[in-house]
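Peer 1: File name entry23.csv; file contents CSV, C-alpha atoms and all ligand atoms; full text below.
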```
chain,number,residue,atom,x,y,z
Z,311,MET,CA,0.0,0.0,0.0
Z,312,LYS,CA,1.2,3.5,-0.7
Z,313,PHE,CA,0.8,6.3,1.8
Z,314,SER,CA,0.6,10.0,1.3
Z,315,ALA,CA,4.1,11.5,1.0
Z,316,LYS,CA,3.0,14.4,3.0
Z,317,MET,CA,1.8,12.2,5.9
Z,318,GLU,CA,5.0,10.1,5.7
Z,319,ARG,CA,6.9,13.3,6.3
Z,320,CYS,CA,5.1,14.0,9.6
Z,321,GLY,CA,6.5,12.7,12.9
Z,322,LEU,CA,4.8,11.2,15.9
Z,323,SER,CA,4.0,13.6,18.8
Z,324,PRO,CA,7.1,13.9,21.1
Z,325,MET,CA,4.7,14.2,24.0
Z,326,ARG,CA,3.3,10.7,23.3
Z,327,LYS,CA,6.2,8.9,21.8
Z,328,PHE,CA,7.7,7.7,25.1
Z,329,ALA,CA,4.4,6.1,26.2
Z,330,PRO,CA,5.6,2.5,25.4
Z,331,TYR,CA,8.7,3.0,27.6
Z,332,ALA,CA,6.4,4.4,30.4
Z,333,LEU,CA,4.1,1.4,30.1
Z,334,LYS,CA,7.1,-1.0,30.6
Z,335,ALA,CA,8.3,1.1,33.6
Z,336,GLU,CA,4.9,0.9,35.1
Z,337,GLU,CA,4.7,-2.8,34.6
Z,338,LYS,CA,7.9,-3.0,36.7
Z,339,GLY,CA,6.0,-1.2,39.4
Z,340,ARG,CA,7.6,2.2,38.9
Z,341,LYS,CA,5.7,5.3,39.9
Z,342,ILE,CA,6.1,8.0,37.1
Z,343,TYR,CA,5.7,11.7,37.7
Z,344,HIS,CA,4.3,13.2,34.5
Z,345,LEU,CA,5.6,16.6,33.4
Z,346,ASN,CA,5.4,15.6,29.8
Z,347,ILE,CA,1.8,16.5,28.8
Z,348,GLY,CA,-0.2,19.7,29.1
Z,349,GLN,CA,-3.2,18.0,30.6
Z,350,PRO,CA,-4.3,20.2,33.5
Z,351,ASP,CA,-5.6,18.5,36.7
Z,352,ILE,CA,-7.7,21.6,37.6
Z,353,GLU,CA,-11.4,20.8,37.8
Z,354,THR,CA,-13.6,21.8,34.8
Z,355,PRO,CA,-16.1,24.4,36.1
Z,356,PRO,CA,-19.3,22.5,37.1
Z,357,VAL,CA,-21.4,24.7,34.8
Z,358,TYR,CA,-20.1,22.6,31.9
Z,359,PHE,CA,-21.6,19.4,33.3
Z,360,GLU,CA,-24.8,21.2,34.4
Z,361,ALA,CA,-25.4,22.4,30.8
Z,362,VAL,CA,-24.9,18.8,29.6
Z,363,LYS,CA,-27.5,17.5,32.2
Z,364,ASN,CA,-29.9,20.3,31.3
Z,365,PHE,CA,-29.9,19.6,27.6
Z,366,SER,CA,-33.4,18.7,26.8
Z,367,GLN,CA,-33.8,18.7,23.0
Z,368,PRO,CA,-35.3,15.3,21.8
Z,369,VAL,CA,-32.8,15.1,18.9
Z,370,LEU,CA,-29.1,15.6,19.1
Z,371,ALA,CA,-29.0,17.5,15.8
Z,372,TYR,CA,-26.2,18.9,13.7
Z,373,ALA,CA,-25.2,22.4,14.7
Z,374,PRO,CA,-24.7,25.2,12.2
Z,375,SER,CA,-21.3,24.8,10.5
Z,376,ALA,CA,-19.8,28.0,11.9
Z,377,GLY,CA,-21.0,27.1,15.4
Z,378,VAL,CA,-24.1,27.3,17.7
Z,379,PRO,CA,-25.2,31.0,18.2
Z,380,VAL,CA,-25.0,30.8,22.0
Z,381,LEU,CA,-21.3,29.9,21.8
Z,382,LEU,CA,-20.5,32.5,19.1
Z,383,ASP,CA,-22.3,35.1,21.3
Z,384,ALA,CA,-20.3,34.1,24.4
Z,385,ILE,CA,-17.0,34.3,22.6
Z,386,ARG,CA,-17.9,37.6,20.9
Z,387,ASP,CA,-18.9,39.1,24.3
Z,388,TYR,CA,-15.8,37.8,26.0
Z,389,TYR,CA,-13.5,39.5,23.4
Z,390,GLY,CA,-15.7,42.6,23.6
Z,391,SER,CA,-15.0,42.8,27.3
Z,392,ILE,CA,-11.3,42.9,26.7
Z,393,GLY,CA,-11.5,45.6,24.2
Z,394,ALA,CA,-11.6,43.6,21.0
Z,395,SER,CA,-14.9,44.3,19.2
Z,396,LEU,CA,-16.1,41.3,17.1
Z,397,THR,CA,-19.3,40.2,15.4
Z,398,ASP,CA,-20.5,36.6,15.4
Z,399,ASP,CA,-19.4,36.2,11.8
Z,400,ASN,CA,-15.8,36.8,12.7
Z,401,ILE,CA,-15.8,33.5,14.6
Z,402,LEU,CA,-15.8,29.9,13.3
Z,403,ILE,CA,-16.1,27.1,15.9
Z,404,SER,CA,-13.7,24.2,15.5
Z,405,THR,CA,-12.9,20.8,17.1
Z,406,GLY,CA,-10.3,22.3,19.5
Z,407,GLY,CA,-7.6,24.8,18.7
Z,408,SER,CA,-6.1,21.8,16.8
Z,409,GLU,CA,-8.7,21.9,14.1
Z,410,ALA,CA,-8.7,25.7,14.0
Z,411,LEU,CA,-5.0,25.5,13.1
Z,412,GLN,CA,-5.7,22.9,10.4
Z,413,MET,CA,-8.4,25.0,8.9
Z,414,VAL,CA,-6.3,28.2,8.8
Z,415,MET,CA,-3.2,26.4,7.4
Z,416,SER,CA,-5.3,24.6,4.8
Z,417,ALA,CA,-6.9,27.9,3.8
Z,418,ILE,CA,-3.7,29.9,3.4
Z,419,LEU,CA,-0.9,27.6,2.5
Z,420,ASP,CA,0.0,25.8,-0.8
Z,421,GLU,CA,2.8,23.5,-1.9
Z,422,GLY,CA,6.1,25.5,-1.7
Z,423,ASP,CA,4.8,28.2,0.6
Z,424,GLU,CA,6.5,29.2,3.8
Z,425,ILE,CA,5.3,30.2,7.2
Z,426,ILE,CA,7.5,31.9,9.8
Z,427,ILE,CA,7.4,30.5,13.3
Z,428,PRO,CA,9.7,31.3,16.2
Z,429,GLU,CA,11.3,28.1,17.5
Z,430,PRO,CA,11.1,26.2,19.8
Z,431,PHE,CA,7.4,25.8,18.8
Z,432,TYR,CA,4.4,23.5,19.5
Z,433,PRO,CA,5.4,20.4,17.4
Z,434,ASN,CA,1.9,19.7,16.1
Z,435,TYR,CA,2.2,22.9,14.1
Z,436,SER,CA,4.6,21.0,12.0
Z,437,THR,CA,2.1,18.2,11.2
Z,438,PHE,CA,-0.6,20.6,10.1
Z,439,ILE,CA,1.8,22.6,8.0
Z,440,THR,CA,3.5,19.6,6.4
Z,441,LEU,CA,0.1,18.3,5.3
Z,442,THR,CA,-0.5,21.4,3.2
Z,443,GLY,CA,2.8,21.0,1.4
Z,444,ALA,CA,4.2,24.2,2.8
Z,445,SER,CA,7.2,24.5,5.1
Z,446,ILE,CA,8.3,26.3,8.3
Z,447,ARG,CA,10.9,28.9,8.3
Z,448,PRO,CA,12.0,29.1,11.9
Z,449,ILE,CA,13.3,32.1,13.9
Z,450,THR,CA,15.6,30.5,16.4
Z,451,THR,CA,15.2,31.9,19.9
Z,452,ARG,CA,17.3,31.1,23.0
Z,453,PRO,CA,16.6,30.8,26.8
Z,454,GLU,CA,19.4,33.3,27.4
Z,455,GLU,CA,17.3,36.0,25.6
Z,456,GLY,CA,14.0,34.9,27.2
Z,457,TYR,CA,13.0,33.3,23.8
Z,458,ARG,CA,12.1,36.7,22.4
Z,459,PHE,CA,12.0,37.1,18.7
Z,460,ALA,CA,10.0,40.2,17.8
Z,461,VAL,CA,12.9,42.2,16.3
Z,462,ARG,CA,12.3,43.7,12.9
Z,463,GLU,CA,15.6,42.7,11.3
Z,464,ARG,CA,15.3,39.1,12.6
Z,465,VAL,CA,11.7,38.7,11.3
Z,466,GLU,CA,12.3,40.4,8.0
Z,467,ALA,CA,15.4,38.3,7.3
Z,468,CYS,CA,13.0,35.3,7.1
Z,469,ILE,CA,10.6,36.9,4.7
Z,470,ASN,CA,10.8,36.0,1.0
Z,471,GLU,CA,8.5,35.6,-2.0
Z,472,HIS,CA,7.2,32.3,-0.6
Z,473,THR,CA,6.2,33.6,2.8
Z,474,ARG,CA,2.5,33.7,3.5
Z,475,ALA,CA,2.1,34.0,7.3
Z,476,ILE,CA,3.7,34.4,10.7
Z,477,LEU,CA,2.5,32.1,13.5
Z,478,PHE,CA,3.3,32.3,17.2
Z,479,THR,CA,1.9,31.0,20.5
Z,480,ASN,CA,1.2,33.7,23.0
Z,481,PRO,CA,1.7,33.0,25.9
Z,482,GLY,CA,4.2,30.6,24.6
Z,483,ASN,CA,4.2,26.8,24.5
Z,484,PRO,CA,6.8,25.6,25.1
Z,485,THR,CA,8.7,28.7,26.2
Z,486,GLY,CA,6.3,30.5,28.6
Z,487,THR,CA,7.1,33.8,26.9
Z,488,VAL,CA,4.5,36.5,27.0
Z,489,MET,CA,4.7,39.1,24.2
Z,490,THR,CA,4.5,42.8,25.0
Z,491,ALA,CA,2.0,45.2,23.4
Z,492,ASP,CA,4.9,46.8,21.5
Z,493,GLU,CA,6.1,43.4,20.2
Z,494,LEU,CA,2.6,42.5,19.0
Z,495,LYS,CA,2.3,45.9,17.3
Z,496,LEU,CA,5.6,45.4,15.6
Z,497,MET,CA,4.6,42.0,14.3
Z,498,ALA,CA,1.3,43.3,13.0
Z,499,GLU,CA,3.1,46.2,11.3
Z,500,ILE,CA,5.5,43.8,9.6
Z,501,ALA,CA,2.7,41.5,8.6
Z,502,LYS,CA,0.8,44.4,7.1
Z,503,GLU,CA,3.8,45.8,5.2
Z,504,HIS,CA,4.5,42.4,3.7
Z,505,ASP,CA,0.9,41.4,3.1
Z,506,LEU,CA,1.1,38.4,5.4
Z,507,PHE,CA,-1.3,36.7,7.8
Z,508,LEU,CA,-0.4,37.1,11.4
Z,509,ILE,CA,-1.7,34.1,13.4
Z,510,GLY,CA,-1.7,34.4,17.2
Z,511,ASP,CA,-2.3,31.1,19.0
Z,512,GLU,CA,-3.8,32.4,22.2
Z,513,VAL,CA,-5.1,29.1,23.7
Z,514,TYR,CA,-3.1,29.9,27.0
Z,515,ARG,CA,-4.4,33.4,27.1
Z,516,GLU,CA,-5.6,33.3,30.8
Z,517,PHE,CA,-2.3,32.1,32.1
Z,518,VAL,CA,-0.1,35.1,32.6
Z,519,TYR,CA,1.7,35.6,35.9
Z,520,GLY,CA,3.1,39.1,35.9
Z,521,GLY,CA,-0.2,40.8,37.0
Z,522,GLU,CA,-0.8,42.3,33.5
Z,523,PRO,CA,-3.6,40.8,31.4
Z,524,LEU,CA,-2.5,39.3,28.0
Z,525,MET,CA,-2.9,41.6,25.1
Z,526,SER,CA,-4.8,39.9,22.2
Z,527,LEU,CA,-3.8,40.4,18.6
Z,528,LEU,CA,-7.5,41.2,18.2
Z,529,GLN,CA,-7.1,44.3,20.3
Z,530,LEU,CA,-4.8,46.0,17.7
Z,531,GLU,CA,-6.6,48.3,15.4
Z,532,GLY,CA,-5.9,48.6,11.7
Z,533,TYR,CA,-4.8,45.0,11.0
Z,534,ASP,CA,-8.1,43.4,10.3
Z,535,GLU,CA,-7.0,41.8,7.0
Z,536,ASN,CA,-3.9,40.2,8.6
Z,537,VAL,CA,-4.8,39.1,12.1
Z,538,VAL,CA,-6.1,35.6,12.9
Z,539,VAL,CA,-6.5,34.3,16.4
Z,540,ILE,CA,-6.7,30.7,17.5
Z,541,ASP,CA,-8.6,30.1,20.8
Z,542,SER,CA,-9.9,27.0,22.7
Z,543,VAL,CA,-11.7,26.1,25.9
Z,544,SER,CA,-9.2,23.2,26.5
Z,545,LYS,CA,-6.6,24.9,28.7
Z,546,ARG,CA,-8.5,28.1,29.7
Z,547,PHE,CA,-11.4,26.2,31.3
Z,548,SER,CA,-9.5,22.9,31.8
Z,549,ALA,CA,-11.9,21.3,29.4
Z,550,CYS,CA,-9.5,19.5,27.0
Z,551,GLY,CA,-12.0,16.7,26.3
Z,552,ALA,CA,-14.7,19.1,25.1
Z,553,ARG,CA,-12.7,19.6,21.9
Z,554,ILE,CA,-14.0,23.1,21.3
Z,555,GLY,CA,-12.0,25.9,19.8
Z,556,CYS,CA,-12.3,28.6,17.2
Z,557,VAL,CA,-10.7,30.6,14.5
Z,558,ILE,CA,-11.3,34.4,14.9
Z,559,THR,CA,-10.7,36.7,12.0
Z,560,ARG,CA,-12.2,40.0,10.7
Z,561,ASN,CA,-10.8,39.1,7.2
Z,562,ARG,CA,-14.0,38.3,5.3
Z,563,GLU,CA,-12.2,36.4,2.5
Z,564,LEU,CA,-10.4,34.2,5.0
Z,565,TYR,CA,-13.7,33.6,6.9
Z,566,ASN,CA,-15.3,32.5,3.6
Z,567,GLN,CA,-12.5,30.2,2.7
Z,568,VAL,CA,-12.4,28.5,6.2
Z,569,MET,CA,-16.2,28.2,6.0
Z,570,LYS,CA,-15.7,25.6,3.1
Z,571,TRP,CA,-13.8,23.4,5.6
Z,572,CYS,CA,-16.5,24.0,8.2
Z,573,GLN,CA,-19.3,23.0,5.9
Z,574,GLY,CA,-17.2,20.0,4.6
Z,575,ARG,CA,-17.0,18.6,8.1
Z,576,LEU,CA,-20.6,19.6,8.8
Z,577,CYS,CA,-20.2,20.9,12.4
Z,578,THR,CA,-18.5,20.3,15.7
Z,579,SER,CA,-20.2,18.5,18.6
Z,580,THR,CA,-23.5,20.3,19.3
Z,581,LEU,CA,-23.6,19.3,23.0
Z,582,ASP,CA,-20.0,20.3,23.7
Z,583,GLN,CA,-20.6,23.7,22.1
Z,584,ILE,CA,-23.6,24.4,24.3
Z,585,ALA,CA,-21.8,23.3,27.4
Z,586,SER,CA,-18.7,25.3,26.3
Z,587,ALA,CA,-20.9,28.4,26.0
Z,588,ALA,CA,-21.8,28.0,29.7
Z,589,LEU,CA,-18.1,28.0,30.6
Z,590,TYR,CA,-17.9,31.7,29.5
Z,591,SER,CA,-20.2,32.5,32.4
Z,592,VAL,CA,-17.4,31.7,34.8
Z,593,GLY,CA,-16.3,34.8,36.6
Z,594,PRO,CA,-12.8,36.4,37.0
Z,595,GLU,CA,-12.5,34.8,40.5
Z,596,TYR,CA,-12.2,31.4,38.8
Z,597,PHE,CA,-9.2,32.5,36.7
Z,598,ASP,CA,-7.6,34.3,39.7
Z,599,ALA,CA,-7.7,31.1,41.7
Z,600,VAL,CA,-6.4,29.0,38.8
Z,601,ARG,CA,-3.6,31.5,38.0
Z,602,LYS,CA,-2.6,31.6,41.6
Z,603,GLU,CA,-2.3,27.8,41.6
Z,604,TYR,CA,-0.2,27.7,38.4
Z,605,LYS,CA,2.0,30.5,39.6
Z,606,ALA,CA,2.7,28.5,42.8
Z,607,ARG,CA,3.5,25.4,40.7
Z,608,LYS,CA,5.8,27.4,38.4
Z,609,ASP,CA,7.6,28.8,41.5
Z,610,ALA,CA,8.0,25.2,42.9
Z,611,LEU,CA,9.4,24.0,39.6
Z,612,THR,CA,11.8,26.9,39.1
Z,613,GLU,CA,12.9,26.6,42.8
Z,614,GLY,CA,13.9,23.0,42.1
Z,615,LEU,CA,15.5,23.8,38.8
Z,616,LYS,CA,17.7,26.5,40.4
Z,617,LYS,CA,19.3,23.8,42.6
Z,618,ILE,CA,20.4,21.6,39.6
Z,619,PRO,CA,23.9,22.5,38.6
Z,620,GLY,CA,24.4,23.4,34.9
Z,621,ILE,CA,20.8,23.9,34.0
Z,622,VAL,CA,19.9,26.9,31.8
Z,623,TYR,CA,16.3,28.1,31.6
Z,624,SER,CA,14.3,31.2,31.2
Z,625,GLU,CA,11.7,32.1,34.0
Z,626,PRO,CA,8.3,31.5,32.2
Z,627,LYS,CA,5.9,34.5,32.3
Z,628,GLY,CA,2.8,32.6,31.1
Z,629,ALA,CA,1.2,29.3,29.9
Z,630,PHE,CA,2.2,26.3,32.0
Z,631,TYR,CA,5.5,25.2,30.6
Z,632,VAL,CA,9.2,25.6,31.2
Z,633,MET,CA,12.0,24.9,28.8
Z,634,ALA,CA,15.4,23.9,30.2
Z,635,ALA,CA,18.7,23.0,28.7
Z,636,LEU,CA,20.2,20.2,30.7
Z,637,PRO,CA,23.9,19.3,31.3
Z,638,VAL,CA,23.5,16.1,29.4
Z,639,ASP,CA,24.5,15.0,25.8
Z,640,ASP,CA,21.0,14.0,24.7
Z,641,ALA,CA,17.7,14.6,26.5
Z,642,GLU,CA,15.9,11.8,24.6
Z,643,LYS,CA,18.5,9.3,25.7
Z,644,LEU,CA,18.2,10.6,29.3
Z,645,GLN,CA,14.4,10.2,29.1
Z,646,ILE,CA,14.6,6.6,27.8
Z,647,TRP,CA,17.3,5.8,30.4
Z,648,MET,CA,15.2,7.3,33.2
Z,649,LEU,CA,12.3,5.0,32.2
Z,650,GLU,CA,14.3,1.9,31.5
Z,651,GLU,CA,17.1,2.0,34.1
Z,652,PHE,CA,16.7,4.7,36.7
Z,653,GLU,CA,14.6,4.8,39.8
Z,654,ASP,CA,14.7,6.5,43.2
Z,655,GLN,CA,12.5,4.8,45.8
Z,656,GLY,CA,10.6,3.2,43.0
Z,657,GLU,CA,9.9,6.5,41.3
Z,658,THR,CA,10.9,8.2,38.1
Z,659,LEU,CA,10.0,11.1,35.8
Z,660,MET,CA,8.7,11.9,32.4
Z,661,PHE,CA,9.3,15.2,30.6
Z,662,THR,CA,9.3,16.1,26.9
Z,663,PRO,CA,12.7,16.0,25.1
Z,664,ALA,CA,12.5,19.2,23.0
Z,665,GLU,CA,14.6,18.5,19.9
Z,666,SER,CA,11.4,18.3,17.8
Z,667,PHE,CA,10.3,21.7,19.1
Z,668,TYR,CA,13.0,23.0,16.8
Z,669,ARG,CA,13.1,23.0,13.0
Z,670,THR,CA,16.8,23.9,12.7
Z,671,PRO,CA,18.8,20.6,12.7
Z,672,ASP,CA,20.9,19.7,15.7
Z,673,THR,CA,19.2,22.2,17.9
Z,674,GLY,CA,17.7,21.6,21.3
Z,675,LYS,CA,19.2,18.1,21.7
Z,676,ASN,CA,19.9,18.6,25.4
Z,677,GLU,CA,16.6,20.6,26.0
Z,678,ILE,CA,13.4,19.5,27.6
Z,679,ARG,CA,9.9,20.9,28.1
Z,680,MET,CA,8.1,20.4,31.4
Z,681,ALA,CA,4.4,21.1,32.0
Z,682,TYR,CA,3.6,22.2,35.6
Z,683,VAL,CA,0.1,20.7,35.6
Z,684,ILE,CA,0.6,18.5,38.7
Z,685,ASN,CA,0.4,19.5,42.3
Z,686,ARG,CA,3.2,21.4,44.0
Z,687,LYS,CA,4.4,18.5,46.2
Z,688,ASP,CA,4.7,16.3,43.2
Z,689,ILE,CA,6.5,19.0,41.3
Z,690,ALA,CA,9.1,19.4,44.1
Z,691,ARG,CA,9.6,15.6,44.0
Z,692,SER,CA,9.9,15.7,40.2
Z,693,MET,CA,12.7,18.2,40.5
Z,694,GLU,CA,14.5,15.9,42.9
Z,695,LEU,CA,14.1,13.0,40.5
Z,696,LEU,CA,15.4,15.2,37.6
Z,697,ALA,CA,18.5,16.2,39.6
Z,698,LYS,CA,19.2,12.6,40.7
Z,699,GLY,CA,18.5,11.3,37.2
Z,700,ILE,CA,20.9,13.7,35.5
Z,701,GLU,CA,23.6,12.9,38.0
Z,702,ALA,CA,23.3,9.2,37.7
Z,703,TYR,CA,23.0,9.3,33.9
Z,704,ASN,CA,26.2,11.4,33.6
Z,705,ASN,CA,28.1,9.1,36.1
Z,706,ARG,CA,26.9,6.1,34.1
Z,707,GLN,CA,28.6,7.5,31.0
Z,708,THR,CA,32.0,8.1,32.6
A,1,LIG,C1,0.0,26.0,21.5
A,1,LIG,C2,-1.1,25.1,21.3
A,1,LIG,N1,-2.0,25.3,20.4
A,1,LIG,C3,-3.1,24.5,20.2
A,1,LIG,C4,-3.3,23.4,21.0
A,1,LIG,C5,-4.5,22.6,20.7
A,1,LIG,O1,-5.3,22.4,21.8
A,1,LIG,P1,-6.8,21.9,21.6
A,1,LIG,O2,-7.0,21.3,20.3
A,1,LIG,O3,-7.1,21.0,22.8
A,1,LIG,O4,-7.6,23.2,21.7
A,1,LIG,C6,-2.4,23.1,22.0
A,1,LIG,C7,-2.5,21.9,22.8
A,1,LIG,O5,-1.7,21.5,23.6
A,1,LIG,C8,-1.3,24.0,22.2
A,1,LIG,O6,-0.4,23.7,23.1
```
Do you think you could lay out the structure here as structure tokens?
Peer 2:
Amino acid sequence: MKFSAKMERCGLSPMRKFAPYALKAEEKGRKIYHLNIGQPDIETPPVYFEAVKNFSQPVLAYAPSAGVPVLLDAIRDYYGSIGASLTDDNILISTGGSEALQMVMSAILDEGDEIIIPEPFYPNYSTFITLTGASIRPITTRPEEGYRFAVRERVEACINEHTRAILFTNPGNPTGTVMTADELKLMAEIAKEHDLFLIGDEVYREFVYGGEPLMSLLQLEGYDENVVVIDSVSKRFSACGARIGCVITRNRELYNQVMKWCQGRLCTSTLDQIASAALYSVGPEYFDAVRKEYKARKDALTEGLKKIPGIVYSEPKGAFYVMAALPVDDAEKLQIWMLEEFEDQGETLMFTPAESFYRTPDTGKNEIRMAYVINRKDIARSMELLAKGIEAYNNRQT
């Protein structure tokens, strides 16, 4: 059988590829601390489940392709409340932020096109882009410079006649970087001057720890043709299993193009859309409490990292991830060894080796991403395991 060359070029998710090793470790009775996957343990607001219970229509019918009105209204009102005025027909509901990304990539990229993305980046971007036949032109960023990339010369050096768009996650996965208003403005200006789409993946938008709210690309005025925002209820409301996200754009043509995909797949889950609309009734006190918890976890993680000799990392300002460069030759080898050979009191650790977060070859080999989505005590223990694991791994080699 022959498979699509585009699909053949895609890789497996680095967040999931060590699962078989983890299974074997668990069969040996090891307890594993999971810092490898961004699945929050925060409870989903009960309004979600109440809305499901209260659903009383006799037929679970298809929803409109662009989304159920009650959810479109909720998203429109939310953005209105942060100073980004939208109408319902600026919003297309998708199966998670994941499908929103696929829709946009499919609508704007062709074989041979390029999209600029600062690296390290969320590896699934690569899958969605590879499937269009386009390629990623990375802007390499480093922990020593806080993973910042919004510098005119650096961005413009990547633009050529094949460039169609610039994509970034804000707050950053995996870097935890939060872009300033000036940086966003500069990126929008560059996109406008070069006639490019500017795609802001804001699925972590509530998780900013410096006290300032996140500025959305949608709050910028004068860039309606360029700006596209990807949003999702997954992380914001700890509702990953709802699989509800959206594409937001004031660009009418783009909306119409994406609508073809929406109609092709008919609609996203009717019931999950209705329940997701209820999530938008959650007040600021919910986010204050969740932010406080994540900030405490971040502090627990960075406290532990500080104690490990030779580690380089940049203090994250948002999302719930930390990238770190470890004093080892190869983070993937360390991960496999920690699952196959290492244990401390029957326990070991999983993180995400970060080489595949980079497009540039031979970059990020000794780097990892950790998600602080488990409780503080377990985070502290995870950092002990990381310290012990690195030491034992390096001693084993000598
Ligand atoms: C940066 C980023 N964008 C999009 C997504 C997609 O999430 P979902 O499809 O659950 O909305 C994720 C999930 O981890 C992510 O980290």
Peer 1: Which residues are near ligand LIG 1 (chain A) in this structure, taking near to mean any atom at most 6 Å from a ligand atom and counting only C-alpha atoms and all ligand atoms? Format them as a ChimeraX atom specification.
Peer 2: /Z:348,406-408,432,479,483,511,513,542,544,550,553,555
Peer 1: Create the file for the chosen residues now, containing C-alpha atoms and written as a JSON list (two decimals), in the frame of the given file.
Peer 2:
```json
[["chain", "number", "residue", "atom", "x", "y", "z"],
["Z", 348, "GLY", "CA", -0.20, 19.70, 29.10],
["Z", 406, "GLY", "CA", -10.30, 22.30, 19.50],
["Z", 407, "GLY", "CA", -7.60, 24.80, 18.70],
["Z", 408, "SER", "CA", -6.10, 21.80, 16.80],
["Z", 432, "TYR", "CA", 4.40, 23.50, 19.50],
["Z", 479, "THR", "CA", 1.90, 31.00, 20.50],
["Z", 483, "ASN", "CA", 4.20, 26.80, 24.50],
["Z", 511, "ASP", "CA", -2.30, 31.10, 19.00],
["Z", 513, "VAL", "CA", -5.10, 29.10, 23.70],
["Z", 542, "SER", "CA", -9.90, 27.00, 22.70],
["Z", 544, "SER", "CA", -9.20, 23.20, 26.50],
["Z", 550, "CYS", "CA", -9.50, 19.50, 27.00],
["Z", 553, "ARG", "CA", -12.70, 19.60, 21.90],
["Z", 555, "GLY", "CA", -12.00, 25.90, 19.80]]
```
Peer 1: Contacts of Ser591 in chain Z at 10 Å or less, counting only C-alpha atoms, minus same-chain residues fewer than 3 places along, as a compact mmCIF listing (two decimals) with C-alpha atoms, keeping the file's coordinate frame?
Peer 2:
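Once everything was written out, this is selection06.txt:
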```
# COMPACT_ATOMS: atom_id res chain seq x y z
CA PRO Z 355 -16.10 24.40 36.10
CA VAL Z 357 -21.40 24.70 34.80
CA TYR Z 358 -20.10 22.60 31.90
CA ALA Z 384 -20.30 34.10 24.40
CA TYR Z 388 -15.80 37.80 26.00
CA SER Z 586 -18.70 25.30 26.30
CA ALA Z 587 -20.90 28.40 26.00
CA ALA Z 588 -21.80 28.00 29.70
CA PRO Z 594 -12.80 36.40 37.00
```
Peer 1: Expressed in Å to a single decimal, how great is the separation between CA of Asn480 in chain Z and CA of Thr405 in chain Z?
Peer 2: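 Between CA of Asn480 in chain Z and CA of Thr405 in chain Z the gap works out to 20.0 Å.
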Peer 1: I'd like the interatomic distance between CA of Phe547 in chain Z and CA of Ala599 in chain Z, to a tenth of an Å.
Peer 2: 12.1 Å
Peer 1: Just the number, please: distance in Å from CA of Ala697 in chain Z to CA of Tyr343 in chain Z, one decimal.
Peer 2: 13.7 Å
Peer 1: Would you kindly return, as a list in words, each protein, DNA or RNA residue with an atom no farther than 9 Å from any atom of Tyr703 in chain Z, considering all atoms listed in the file and excluding same-chain residues fewer than 5 positions away?
Peer 2: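 My reading of the contact set: Val638, Leu644, Trp647, Met648, Phe652 and Lys698 of chain Z.
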Peer 1: Just checking: using only C-alpha atoms, which residue out of Z:Ile403, Z:Ile500, Z:Ala681, Z:Ala491 ends up closest to Ala467 in chain Z?
Peer 2: Z:Ile500
Peer 1: With all atoms listed in the file as the counted atoms, please give the residues lying no more than 8 Å from Asn346 in chain Z, apart from itself and same-chain residues fewer than 4 positions off, as a ChimeraX atom specification.
Peer 2: /Z:325,660-662,679-681
Peer 1: Using only C-alpha atoms, which of the listed residues (Z:Arg326, Z:Lys363, Z:Lys316, Z:Lys627) sits closest to Gly521 in chain Z?
Peer 2: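 Of all the options, Z:Lys627 lies closest to Gly521 in chain Z.
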Peer 1: When you count all atoms listed in the file, which of these residues is closest to Pro484 in chain Z: Z:Phe365, Z:Phe328, Z:Tyr514, Z:Tyr533?
Peer 2: Z:Tyr514
Peer 1: For Ser395 in chain Z, which of Z:Arg474, Z:Arg546, Z:Lys643, Z:Arg560 is the closest residue, counting all atoms listed in the file?
Peer 2: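 Once distances to Ser395 in chain Z are computed over all atoms listed in the file, the minimum belongs to Z:Arg560.
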Peer 1: Counting all atoms listed in the file, which of Z:Val568, Z:Glu694, Z:Ala549, Z:Leu411 gets nearest to Lys616 in chain Z?
Peer 2: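 Comparing Z:Val568, Z:Glu694, Z:Ala549, Z:Leu411 against Lys616 in chain Z, the winner is Z:Glu694.
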